[in-house]
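K.L.:
Coordinates in entry00.txt, compact mmCIF, C-alpha atoms, are listed below.
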```
# COMPACT_ATOMS: atom_id res chain seq x y z
CA MET T 1 16.70 -23.12 -10.48
CA LYS T 2 15.30 -25.13 -7.54
CA LYS T 3 11.61 -26.02 -7.72
CA SER T 4 10.92 -24.01 -4.53
CA GLU T 5 12.43 -20.89 -6.13
CA LEU T 6 10.32 -20.94 -9.29
CA PRO T 7 8.05 -17.91 -9.69
CA ILE T 8 4.55 -18.98 -8.70
CA SER T 9 2.42 -16.10 -9.93
CA PRO T 10 1.86 -13.93 -11.88
CA HIS T 11 4.57 -14.05 -14.56
CA LEU T 12 4.54 -10.35 -15.45
CA GLN T 13 7.25 -10.75 -18.08
CA ILE T 14 5.34 -13.36 -20.13
CA TYR T 15 1.75 -12.15 -19.76
CA LYS T 16 0.22 -10.80 -22.95
CA PRO T 17 -1.28 -7.45 -21.86
CA GLN T 18 -5.08 -7.55 -21.87
CA ILE T 19 -7.55 -5.50 -19.86
CA THR T 20 -8.14 -8.22 -17.24
CA SER T 21 -4.45 -8.88 -16.57
CA VAL T 22 -3.46 -5.20 -16.76
CA LEU T 23 -6.19 -4.24 -14.26
CA SER T 24 -5.21 -7.10 -11.96
CA ILE T 25 -1.55 -6.06 -11.99
CA ALA T 26 -2.58 -2.41 -11.55
CA HIS T 27 -4.61 -3.45 -8.48
CA ARG T 28 -1.47 -4.85 -6.87
CA ILE T 29 0.73 -1.94 -7.89
CA THR T 30 -1.75 0.64 -6.54
CA GLY T 31 -2.15 -1.45 -3.36
CA PHE T 32 1.60 -1.40 -2.83
CA PHE T 33 2.00 2.33 -3.46
CA LEU T 34 -1.01 3.22 -1.28
CA ASN T 35 1.23 2.37 1.67
CA PHE T 36 2.87 5.74 1.03
CA LEU T 37 -0.55 7.34 1.47
CA ILE T 38 -0.77 5.59 4.86
CA ILE T 39 2.53 7.27 5.81
CA PHE T 40 1.15 10.61 4.64
CA VAL T 41 -2.06 10.25 6.70
CA SER T 42 -0.04 9.15 9.72
CA LEU T 43 2.26 12.18 9.44
CA TRP T 44 -0.74 14.46 8.96
CA LEU T 45 -2.26 13.14 12.19
CA LEU T 46 1.09 13.40 14.00
CA SER T 47 1.48 17.04 12.96
CA LEU T 48 -2.08 17.70 14.12
CA SER T 49 -1.37 16.17 17.54
CA LEU T 50 1.90 18.12 17.93
CA GLY T 51 0.15 21.49 17.69
CA GLU T 52 -0.76 24.29 15.30
CA THR T 53 2.83 25.18 14.32
CA PHE T 54 3.65 21.65 13.15
CA PHE T 55 0.26 21.35 11.49
CA ASN T 56 0.81 24.59 9.55
CA TYR T 57 4.24 23.37 8.40
CA PHE T 58 2.62 20.17 7.19
CA ILE T 59 -0.15 22.05 5.35
CA GLU T 60 2.46 24.34 3.76
CA PHE T 61 4.43 21.28 2.61
CA SER T 62 1.22 19.63 1.32
CA ASN T 63 0.34 22.72 -0.69
CA THR T 64 3.46 22.59 -2.89
CA ILE T 65 2.81 21.70 -6.53
CA PHE T 66 4.86 18.51 -6.19
CA MET T 67 2.82 17.27 -3.21
CA LYS T 68 -0.45 18.23 -4.90
CA LEU T 69 0.59 16.15 -7.89
CA VAL T 70 1.61 13.22 -5.65
CA MET T 71 -1.69 13.46 -3.76
CA SER T 72 -3.72 13.59 -6.98
CA ILE T 73 -1.99 10.45 -8.29
CA SER T 74 -2.50 8.79 -4.88
CA ILE T 75 -6.20 9.70 -4.96
CA PHE T 76 -6.53 8.09 -8.38
CA GLY T 77 -4.67 5.02 -7.04
CA LEU T 78 -6.99 4.85 -4.03
CA SER T 79 -10.14 5.31 -6.16
CA TYR T 80 -8.99 2.66 -8.61
CA HIS T 81 -7.99 0.20 -5.86
CA ALA T 82 -11.33 0.71 -4.07
CA MET T 83 -13.45 0.34 -7.25
CA ASN T 84 -11.52 -2.71 -8.42
CA GLY T 85 -11.75 -4.15 -4.89
CA ILE T 86 -15.55 -3.90 -5.12
CA ARG T 87 -15.32 -5.68 -8.50
CA HIS T 88 -13.30 -8.45 -6.80
CA ILE T 89 -16.00 -8.80 -4.12
CA PHE T 90 -18.64 -9.20 -6.87
CA TRP T 91 -16.43 -11.88 -8.44
CA ASP T 92 -16.13 -13.62 -5.06
CA PHE T 93 -19.92 -13.93 -4.98
CA GLY T 94 -19.94 -15.37 -8.50
CA PHE T 95 -21.04 -12.28 -10.47
CA PHE T 96 -19.49 -10.96 -13.73
CA LEU T 97 -17.14 -13.90 -14.17
CA ASN T 98 -17.43 -14.48 -17.93
CA ASN T 99 -15.05 -12.82 -20.39
CA SER T 100 -17.39 -10.10 -21.67
CA SER T 101 -18.56 -9.15 -18.14
CA ALA T 102 -14.96 -9.00 -16.95
CA LEU T 103 -14.15 -6.64 -19.83
CA ILE T 104 -17.19 -4.40 -19.28
CA SER T 105 -16.74 -4.29 -15.50
CA GLY T 106 -13.08 -3.38 -16.07
CA ILE T 107 -14.09 -0.40 -18.21
CA ILE T 108 -16.70 0.61 -15.60
CA VAL T 109 -14.06 0.40 -12.83
CA ILE T 110 -11.68 2.71 -14.74
CA SER T 111 -14.49 5.19 -15.50
CA LEU T 112 -15.77 5.25 -11.91
CA ALA T 113 -12.25 5.56 -10.51
CA PHE T 114 -11.59 8.51 -12.81
CA MET T 115 -14.86 10.25 -11.83
CA LEU T 116 -14.32 9.63 -8.11
CA SER T 117 -10.77 10.97 -8.36
CA VAL T 118 -11.91 14.18 -10.07
CA LEU T 119 -14.59 14.60 -7.38
CA LEU T 120 -12.14 14.08 -4.51
CA ILE T 121 -9.44 16.28 -6.09
CA TYR T 122 -12.08 18.99 -6.51
CA LYS T 123 -13.30 18.59 -2.92
CA LEU T 124 -9.75 18.81 -1.56
CA GLY T 125 -9.10 21.86 -3.77
CA LEU T 126 -5.90 20.37 -5.19
CA PHE T 127 -6.02 21.61 -8.77
CA LEU T 128 -9.57 22.39 -9.79
CA MET A 129 0.09 -21.90 14.45
CA LYS A 130 0.23 -22.57 10.70
CA TYR A 131 -0.53 -19.62 8.43
CA SER A 132 -3.84 -20.25 6.69
CA TYR A 133 -4.08 -18.64 3.25
CA SER A 134 -7.83 -19.13 3.00
CA THR A 135 -8.44 -17.48 6.41
CA ALA A 136 -6.15 -14.60 5.40
CA TRP A 137 -8.08 -14.22 2.13
CA ILE A 138 -11.48 -14.06 3.91
CA PHE A 139 -10.06 -11.71 6.55
CA GLN A 140 -8.70 -9.41 3.82
CA LYS A 141 -12.11 -9.23 2.10
CA LEU A 142 -13.88 -8.49 5.39
CA LEU A 143 -11.38 -5.76 6.25
CA ALA A 144 -11.86 -4.26 2.79
CA LEU A 145 -15.63 -4.12 3.32
CA ILE A 146 -15.23 -2.56 6.79
CA PHE A 147 -12.89 0.16 5.64
CA LEU A 148 -14.81 0.90 2.45
CA LEU A 149 -17.93 1.60 4.51
CA LEU A 150 -15.97 3.66 7.04
CA LEU A 151 -14.19 5.54 4.26
CA ILE A 152 -17.54 6.55 2.76
CA TYR A 153 -18.86 7.64 6.19
CA LEU A 154 -15.72 9.63 7.04
CA THR A 155 -15.57 11.26 3.59
CA PHE A 156 -19.09 12.61 4.13
CA SER A 157 -18.34 13.55 7.73
CA LEU A 158 -15.10 15.38 6.83
CA ASN A 159 -16.90 17.09 3.93
CA ASN A 160 -18.26 19.67 6.38
CA ILE A 161 -14.89 20.86 7.66
CA SER A 162 -11.84 22.53 6.16
CA LEU A 163 -8.89 20.15 6.42
CA ASN A 164 -6.52 23.15 6.24
CA SER A 165 -7.95 24.54 9.47
CA TYR A 166 -6.22 23.38 12.66
CA ILE A 167 -9.18 24.31 14.88
CA GLU A 168 -11.84 22.62 12.74
CA THR A 169 -9.77 19.45 12.29
CA THR A 170 -8.84 19.13 15.98
CA ASN A 171 -12.49 19.74 16.92
CA TRP A 172 -13.51 16.94 14.58
CA PHE A 173 -11.04 14.54 16.23
CA SER A 174 -12.01 15.64 19.75
CA ASN A 175 -15.36 13.98 19.08
CA LYS A 176 -14.89 10.45 20.52
CA ILE A 177 -17.09 8.76 17.90
CA ASN A 178 -15.10 10.32 15.04
CA SER A 179 -11.80 9.33 16.66
CA PHE A 180 -13.00 5.80 17.33
CA LEU A 181 -14.22 5.33 13.74
CA PHE A 182 -10.95 6.76 12.43
CA PHE A 183 -9.08 4.31 14.68
CA VAL A 184 -11.14 1.36 13.34
CA LEU A 185 -10.60 2.62 9.77
CA PHE A 186 -6.84 2.97 10.21
CA THR A 187 -6.56 -0.43 11.94
CA SER A 188 -8.48 -2.17 9.15
CA ILE A 189 -6.35 -0.41 6.50
CA VAL A 190 -3.09 -1.46 8.19
CA LEU A 191 -4.26 -5.08 8.57
CA HIS A 192 -5.52 -5.14 4.96
CA SER A 193 -2.21 -3.70 3.79
CA ASN A 194 -0.29 -6.30 5.82
CA LEU A 195 -2.18 -9.17 4.17
CA GLY A 196 -1.79 -7.61 0.71
CA LEU A 197 1.95 -7.10 1.18
CA ASN A 198 2.28 -10.69 2.47
CA SER A 199 0.75 -12.05 -0.72
CA ILE A 200 3.01 -9.85 -2.90
CA ILE A 201 6.08 -11.05 -0.95
CA ASP A 202 4.93 -14.68 -1.26
CA ASP A 203 4.48 -14.31 -5.02
CA TYR A 204 7.67 -12.47 -5.90
CA VAL A 205 10.29 -13.18 -3.23
CA HIS A 206 11.44 -16.80 -3.17
CA GLU A 207 14.89 -16.63 -1.62
CA LYS A 208 14.44 -17.52 2.08
CA GLU A 209 16.89 -15.02 3.61
CA SER A 210 15.67 -12.08 1.49
CA LYS A 211 12.09 -13.01 2.31
CA LYS A 212 12.83 -12.97 6.06
CA ILE A 213 14.49 -9.54 5.83
CA ILE A 214 11.66 -8.08 3.74
CA ILE A 215 9.01 -9.44 6.13
CA VAL A 216 10.85 -7.93 9.14
CA LEU A 217 11.10 -4.57 7.33
CA LYS A 218 7.43 -4.70 6.33
CA ASN A 219 6.30 -5.56 9.87
CA SER A 220 8.50 -2.85 11.40
CA PHE A 221 7.16 -0.28 8.97
CA LEU A 222 3.52 -1.14 9.72
CA VAL A 223 4.04 -1.32 13.50
CA ILE A 224 5.80 2.07 13.61
CA ILE A 225 3.13 3.72 11.46
CA TYR A 226 0.38 2.18 13.57
CA ILE A 227 1.91 3.22 16.92
CA VAL A 228 2.53 6.79 15.70
CA THR A 229 -1.08 7.06 14.51
CA VAL A 230 -2.62 5.60 17.68
CA ILE A 231 -0.54 7.89 19.95
CA SER A 232 -1.49 10.89 17.81
CA LEU A 233 -5.16 9.95 18.06
CA ILE A 234 -4.94 9.58 21.85
CA LEU A 235 -3.31 13.03 22.11
CA LEU A 236 -6.12 14.53 20.02
CA ILE A 237 -9.06 13.20 22.07
```
Let me see the structure of the file written as structure tokens.

P.N.:
Amino acid sequence: MKKSELPISPHLQIYKPQITSVLSIAHRITGFFLNFLIIFVSLWLLSLSLGETFFNYFIEFSNTIFMKLVMSISIFGLSYHAMNGIRHIFWDFGFFLNNSSALISGIIVISLAFMLSVLLIYKLGLFL
Amino acid sequence: MKYSYSTAWIFQKLLALIFLLLLIYLTFSLNNISLNSYIETTNWFSNKINSFLFFVLFTSIVLHSNLGLNSIIDDYVHEKESKKIIIVLKNSFLVIIYIVTVISLILLI
């Protein structure tokens, strides 16, 4: 393999799973999949601008069990990505950089993301 | 102009801060309306301040996403031709989504 083609980061296949690496990889994965949420929001706005008939079709489609499940997972992805993004900003300013802080802040991020997701899912009336 | 990774990194953090603040504001603002109601939702968007803030939010999200996807492509796609194709697809996707959203917002004001 040419030097220019070597994988530069992160080597997912050789990383030993640990909370810091798993959360970092999860941040990227959720970031990637949140692009589908952007499509959803864009289509929602398009249906709204096209008139009540299109909007009602969109709402009907959004209210299927499958879409509710997709939206709930997306909300968790968004909550996690946002909470972990805040953690990254703290890191950028030099806070919580040692091993124990990284572990504790990781647990806090997961807990907050879970709570925020439940709150948003409840507010949107998806399942609760 | 040469692509600066450090500028992109700072820009991505700033965009994240902007849209986090806007997301919090809009979540509270949208809390008062039913998103299933066509009338209530269109009324919310007919307010120019709401539409403008939504526009800023969506713009910052798209730019943030663009920078994030660039770094994923840089890290995992090393073959030059594939990288070019993926970047063109990514840019097309984001431009189409952005144009559709901006036109929709203009129609709603």

K.L.:
Mind listing as a ChimeraX atom specification which residues of chain A are within 6 Å of chain T, counting only C-alpha atoms?

P.N.:
/A:203,206,229,232,235-236

K.L.:
What's around Ser101 (chain T) at 12 Å? Count all atoms listed in the file, leave out sequence neighbours fewer than 5 positions away in its own chain, and write the answer as a list in words.

P.N.:
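Once the adjacent positions are removed, what remains is Ile19, Thr20, Arg87, Phe90, Trp91, Gly94, Phe95, Phe96, Gly106, Ile107, Ile108 and Val109 of chain T.
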
K.L.:
With all atoms listed in the file as the atoms that count, which of A:Val205, A:Tyr226, A:Ser193, A:Ser188 lies nearest to Phe33 (chain T)?

P.N.:
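Using all atoms listed in the file, the shortest distance to Phe33 (chain T) belongs to A:Ser193.
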
K.L.:
Have a look at T:Leu116, T:Ala26, T:Ile104, T:Leu126 and name the one nearest to Met71 (chain T); count all atoms listed in the file.

P.N.:
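Counting all atoms listed in the file, the residue closest to Met71 (chain T) is T:Leu126.
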
K.L.:
So the first atom is CA of Phe54 (chain T) and the second is CA of Leu119 (chain T); what is the distance between them in Å, to one decimal place?

P.N.:
28.4 Å

K.L.:
Set the distance at 10 Å and use all atoms listed in the file: which residues neighbour Asn198 (chain A) once local chain neighbours fewer than 3 positions away are removed? I'd like the list as a list in words.

P.N.:
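That gives Ala136, His192, Ser193, Asn194, Leu195, Ile201, Asp202, Asp203, Ile214, Ile215, Lys218 and Asn219 of chain A.
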
K.L.:
Work out how far apart CA of Ser165 (chain A) and CA of Thr64 (chain T) are and give it in Å to one decimal.

P.N.:
16.9 Å

K.L.:
Find, counting only C-alpha atoms, the residue in A:Phe147, A:Phe186, A:Phe180, A:Tyr204 that gets nearest to Ile225 (chain A).

P.N.:
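Closest to Ile225 (chain A), using only C-alpha atoms: A:Phe186.
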
K.L.:
Which distance in Å separates CA of Thr187 (chain A) and CA of Leu143 (chain A), to one decimal?

P.N.:
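Separation of CA of Thr187 (chain A) and CA of Leu143 (chain A): 9.2 Å.
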